[in-house]
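Peer 1: Dumping the structure here so I can ask a few things about it.
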2 protein chains.
Amino acid sequence: MADCITCKNKNCLINKNSTDPRLADFLKNKHTIKCKKSQQFIMEGTPAHGLFFAYEGKVKVVKTGVNDREQIVRFAKDGEIIGHRGGFGSSKYYSISAQALEDSTLCYFSKEDLKNILLNIPKLTFDFMLFYADELSESETRVRKLAQMSVRERVIDTLLFMDRKFGSTDQLLNIRLSRKDYADYSGTTEEQVIRILSTLKKEGLLNAKGRKLGILDFETLQNEISKHTYSPNS
Amino acid sequence: MADCITCKNKNCLINKNSTDPRLADFLKNKHTIKCKKSQQFIMEGTPAHGLFFAYEGKVKVVKTGVNDREQIVRFAKDGEIIGHRGGFGSSKYYSISAQALEDSTLCYFSKEDLKNILLNIPKLTFDFMLFYADELSESETRVRKLAQMSVRERVIDTLLFMDRKFGSTDQLLNIRLSRKDYADYSGTTEEQVIRILSTLKKEGLLNAKGRKLGILDFETLQNEISKHTYSPNS
DNA sequence: GTAAAAAACTGCTTTATAGCAGGAAATTTT
DNA sequence: AAAATTTCCTGCTATAAAGCAGTTTTTTAC
């Protein structure tokens with residue numbers, strides 16, 4: 001955990017380049033932060049001092065909206081970046097909030113340290129660039145889906161996404177979200193999510209054990225949204 | 001036009017770094033492409049060979065949807081990138097289509113050439129990274145707006161965006177879009193846009209000379225959507 | 001383990017938005 | 001300049017989604 005070179009998160013952009021000797025000093029300045037469930041560790045609009053990486057746990061990234069409605073912008077798990085531009089971009093403030101969905105451990109680097117290595121190790125910068133480009137592509141797909149899918153389709157799409165992102169064990173998704181969270185990601189209201197989930201249960205497509213949800217019939221669900229997903233990006 | 005060093009588009013990422021001698025060979029391999037109005041020069045799903053830059057003109061970037069509905073993902077003007085990952089990322093295919101909104105001139109670089117310089121000139125790679133990061137931030141803001149604003153608010157937001165992006169002359173926006181285009185960007189239907197635009201005209205907030213639209217009362221329009229736009233990102 | 005709080009659920013009502021159809025205006029083509 | 005095509009517009013109708021209120025279940029705190 002203290003050491004990026006032996007870290008288990010092989011997909012982490014820092015880990016991928018950690019053997020580069022020019023990173024040695026940089027890695028010494030890493031901070032490790034423990035975060036309890038529901039704890040918010042980035043507040044939208046506050047000055048951005050650096051970038052977080054999820055070491056262990058699950059995180060939701062949120063943009064504040066009107067009333068009680070927030071928009072969950074993305075989810076992050078082991079090895080993934082949180083805080084995006086982290087202050088080394090054009091904006092000096094975080095454009096999102098981030099909250100732990102379960103007890104999590106985060107790695108933190110200051111923007112000065114990051115900028116320093118990014119301007120010196122092209123391979124790393126290139127990897128960062130690709131990461132942002134891929135995220136952008138995904139975000140643009142999400143723009144289209146929000147604009148064009150029905151609420152039911154968006155909820156189904158979200159369920160399938162959760163399985164892809166976090167996986168399932170014994171027919172149950174490896175993530176535990178409130179109905180409100182599903183709504184905030186799917187771009188609808190809590191009530192609508194509740195109605196749709198219970199309809200899906202009645203239709204035998206969805207499984208529910210306590211608060212945990214499980215997908216029973218992938219094919220039928222996939223089919224229902226397939227007309228929107230023929231494009232190259234998910 | 002043939003020369004990036006004397007190019008007028010100072011915001012172009014290539015231009016910004018064009019004095020670097022390591023770019024000399026790269027710049028020789030630039031292609032210049034002329035594009036008539038309405039011409040499509042990137043097709044979603046086709047193999048991506050490289051990246052375009054708008055030299056002159058205006059372009060819409062589109063993701064294909066169901067029925068007649070497309071989603072306009074962004075607009076590009078002088079100096080801006082089109083084609084995003086352009087094949088040097090994880091996907092080998094364009095995830096979007098691009099179409100000229102007026103007669104335009106484009107610059108083109110192959111992905112091999114690009115990858116080569118990006119891995120050798122950290123400053124350039126860093127600029128590219130920041131570009132994608134900022135685009136991502138904007139796209140995430142758009143996700144929230146699509147999910148939370150009403151149709152009328154989204155149309156107003158689009159009008160104000162057009163003024164910010166393309167400017168206005170004599171109370172008329174410097175861009176000419178169809179009602180369908182406004183709909184495809186705002187995430188609604190043509191009819192809805194028509195209805196809202198004519199209401200705005202009646203309310204004296206909007207000006208229309210032929211097909212060209214102009215904003216008459218910025219303040220009132222800004223106020224109507226202000227509750228959604230208090231956040232750091234537009 | 002019990003009390004308190006939060007989350008999940010359901011039926012009903014209201015509202016916003018989409019869809020259709022037919023016509024007018026504007027733009028492009030010949 | 002006339003014809004053809006495209007874009008724009010309007011009223012009406014249908015429908016999807018949101019909002020509200022009251023109840024039950026589950027989770028968290030003590």
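Residue numbering restarts at 1 in every chain; chains get A, B, ... in the order shown in the structure tokens, and ligands count up from 1 in that same order.
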Residues of chain B were defined as contacting chain A if any atom lay at most 6 Å from it, counting only C-alpha atoms; please report them as an MDAnalysis selection string.

Peer 2: chainID B and resid 45 71 89 119 122:123 129:130 132:133 136 143:144 147 187 232

Peer 1: Please identify every residue of chain D that has at least one atom no more than 8 Å from any atom of chain B, counting only C-alpha atoms (C1' of nucleotides), and report them as a list of chain:residue names.

Peer 2: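 Applying the cut-off to the listed atoms yields D:DT7, D:DC8, D:DC9.
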
Peer 1: Between A:Leu205, A:Ile175, A:Ile196, A:Ala54, which is the closest to A:Ala76 once you count only C-alpha atoms?

Peer 2: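 Checking each of A:Leu205, A:Ile175, A:Ile196, A:Ala54 against A:Ala76, counting only C-alpha atoms, the winner is A:Ala54.
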
Peer 1: Which distance in Å separates atom CA of A:Val59 and atom CA of B:Arg154, to one decimal?

Peer 2: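 These two atoms are separated by 29.2 Å.
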
Peer 1: Just the alpha helix (DSSP H) stuff from stretch 112-225 of chain A, please, per backbone DSSP, written as a ChimeraX atom specification.

Peer 2: /A:112-118,122-148,151-166,179-186,190-202,218-225

Peer 1: Between B:Ile82, B:Val193, B:Leu206, B:Ala48, single out the one closest to chain C, counting only C-alpha atoms (C1' of nucleotides).

Peer 2: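 Smallest separation from chain C among the options: B:Val193.
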
Peer 1: Please build the interface table for chain C against chain A with a cut-off of 12 Å, listing for each qualifying residue the nearest atom pair and the distance in Å to one decimal; count only C-alpha atoms (C1' of nucleotides), order rows by chain and increasing number, and write it as a Markdown table.

Peer 2:
| residue | atom | partner | partner_atom | distance |
| --- | --- | --- | --- | --- |
| C:DA6 | C1' | A:Ser178 | CA | 10.8 |
| C:DA7 | C1' | A:Ser178 | CA | 7.6 |
| C:DA8 | C1' | A:Ile194 | CA | 7.4 |
| C:DC9 | C1' | A:Ile194 | CA | 7.1 |
| C:DT10 | C1' | A:Arg195 | CA | 8.7 |
| C:DG11 | C1' | A:Arg195 | CA | 11.5 |
| C:DA18 | C1' | A:Ser150 | CA | 11.7 |

Peer 1: If you run DSSP on the backbone here, which positions in stretch 77-167 of chain B get strand (DSSP E or B)? Please write them as an mmCIF file with N, CA, C and O atoms, in the first residue's frame.

Peer 2:
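In the end it all went to part29.cif:
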data_model
loop_
_atom_site.group_PDB
_atom_site.id
_atom_site.type_symbol
_atom_site.label_atom_id
_atom_site.label_comp_id
_atom_site.auth_asym_id
_atom_site.auth_seq_id
_atom_site.Cartn_x
_atom_site.Cartn_y
_atom_site.Cartn_z
ATOM 1 N N ILE B 81 -9.839 20.740 -32.149
ATOM 2 C CA ILE B 81 -9.655 19.345 -32.551
ATOM 3 C C ILE B 81 -10.979 18.688 -32.925
ATOM 4 O O ILE B 81 -11.993 18.910 -32.281
ATOM 5 N N ILE B 82 -10.966 17.871 -33.947
ATOM 6 C CA ILE B 82 -12.121 17.048 -34.296
ATOM 7 C C ILE B 82 -11.642 15.616 -34.524
ATOM 8 O O ILE B 82 -10.674 15.383 -35.238
ATOM 9 N N TYR B 93 -11.675 2.929 -33.858
ATOM 10 C CA TYR B 93 -12.740 3.469 -34.695
ATOM 11 C C TYR B 93 -13.198 4.827 -34.184
ATOM 12 O O TYR B 93 -13.134 5.096 -32.990
ATOM 13 N N SER B 97 -19.446 11.103 -35.581
ATOM 14 C CA SER B 97 -19.414 11.619 -36.949
ATOM 15 C C SER B 97 -19.154 13.119 -36.891
ATOM 16 O O SER B 97 -19.421 13.761 -35.881
ATOM 17 N N ALA B 98 -18.654 13.668 -38.000
ATOM 18 C CA ALA B 98 -18.436 15.114 -38.052
ATOM 19 C C ALA B 98 -18.878 15.647 -39.401
ATOM 20 O O ALA B 98 -18.664 15.011 -40.444
ATOM 21 N N GLN B 99 -19.533 16.798 -39.361
ATOM 22 C CA GLN B 99 -20.103 17.381 -40.567
ATOM 23 C C GLN B 99 -19.840 18.890 -40.566
ATOM 24 O O GLN B 99 -19.980 19.552 -39.530
ATOM 25 N N ALA B 100 -19.475 19.422 -41.732
ATOM 26 C CA ALA B 100 -19.225 20.861 -41.841
ATOM 27 C C ALA B 100 -20.550 21.617 -41.840
ATOM 28 O O ALA B 100 -21.497 21.231 -42.524
ATOM 29 N N SER B 104 -15.643 24.736 -45.088
ATOM 30 C CA SER B 104 -14.604 24.747 -44.072
ATOM 31 C C SER B 104 -13.296 24.175 -44.608
ATOM 32 O O SER B 104 -13.287 23.422 -45.588
ATOM 33 N N THR B 105 -12.226 24.536 -43.950
ATOM 34 C CA THR B 105 -10.925 23.973 -44.282
ATOM 35 C C THR B 105 -10.400 23.244 -43.047
ATOM 36 O O THR B 105 -10.464 23.761 -41.939
ATOM 37 N N LEU B 106 -9.901 22.035 -43.276
ATOM 38 C CA LEU B 106 -9.446 21.213 -42.165
ATOM 39 C C LEU B 106 -7.988 20.836 -42.332
ATOM 40 O O LEU B 106 -7.511 20.666 -43.463
ATOM 41 N N CYS B 107 -7.293 20.696 -41.214
ATOM 42 C CA CYS B 107 -5.938 20.162 -41.231
ATOM 43 C C CYS B 107 -6.014 18.725 -40.726
ATOM 44 O O CYS B 107 -6.821 18.403 -39.862
ATOM 45 N N TYR B 108 -5.146 17.888 -41.277
ATOM 46 C CA TYR B 108 -5.202 16.478 -40.913
ATOM 47 C C TYR B 108 -3.805 15.927 -40.633
ATOM 48 O O TYR B 108 -2.867 16.176 -41.388
ATOM 49 N N PHE B 109 -3.708 15.166 -39.531
ATOM 50 C CA PHE B 109 -2.452 14.475 -39.221
ATOM 51 C C PHE B 109 -2.748 12.991 -39.006
ATOM 52 O O PHE B 109 -3.766 12.638 -38.406
ATOM 53 N N SER B 110 -1.857 12.139 -39.460
ATOM 54 C CA SER B 110 -2.073 10.697 -39.273
ATOM 55 C C SER B 110 -1.764 10.318 -37.824
ATOM 56 O O SER B 110 -0.988 10.981 -37.135
#

Peer 1: Neighbours of stretch 14-16 of chain D within 10 Å (only C-alpha atoms (C1' of nucleotides); same-chain residues fewer than 5 positions away dropped), as an MDAnalysis selection string?

Peer 2: (chainID A and resid 150:151) or (chainID C and resid 16:20)

Peer 1: D:DC20: which residues within 10 Å, counting only C-alpha atoms (C1' of nucleotides), same-chain residues fewer than 3 positions away excluded, as a ChimeraX atom specification?

Peer 2: /C:12-14

Peer 1: What is the distance between atom CA of A:Gly204 and atom CA of A:Asp217, in Å to one decimal?

Peer 2: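 Rounded to one decimal, the two atoms are 7.7 Å apart.
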
Peer 1: Do you know which residues are at most 10 Å from B:Glu224 counting only C-alpha atoms (C1' of nucleotides), after dropping those on the same chain fewer than 2 positions away, and could you put them as a count of residues only?

Peer 2: 11
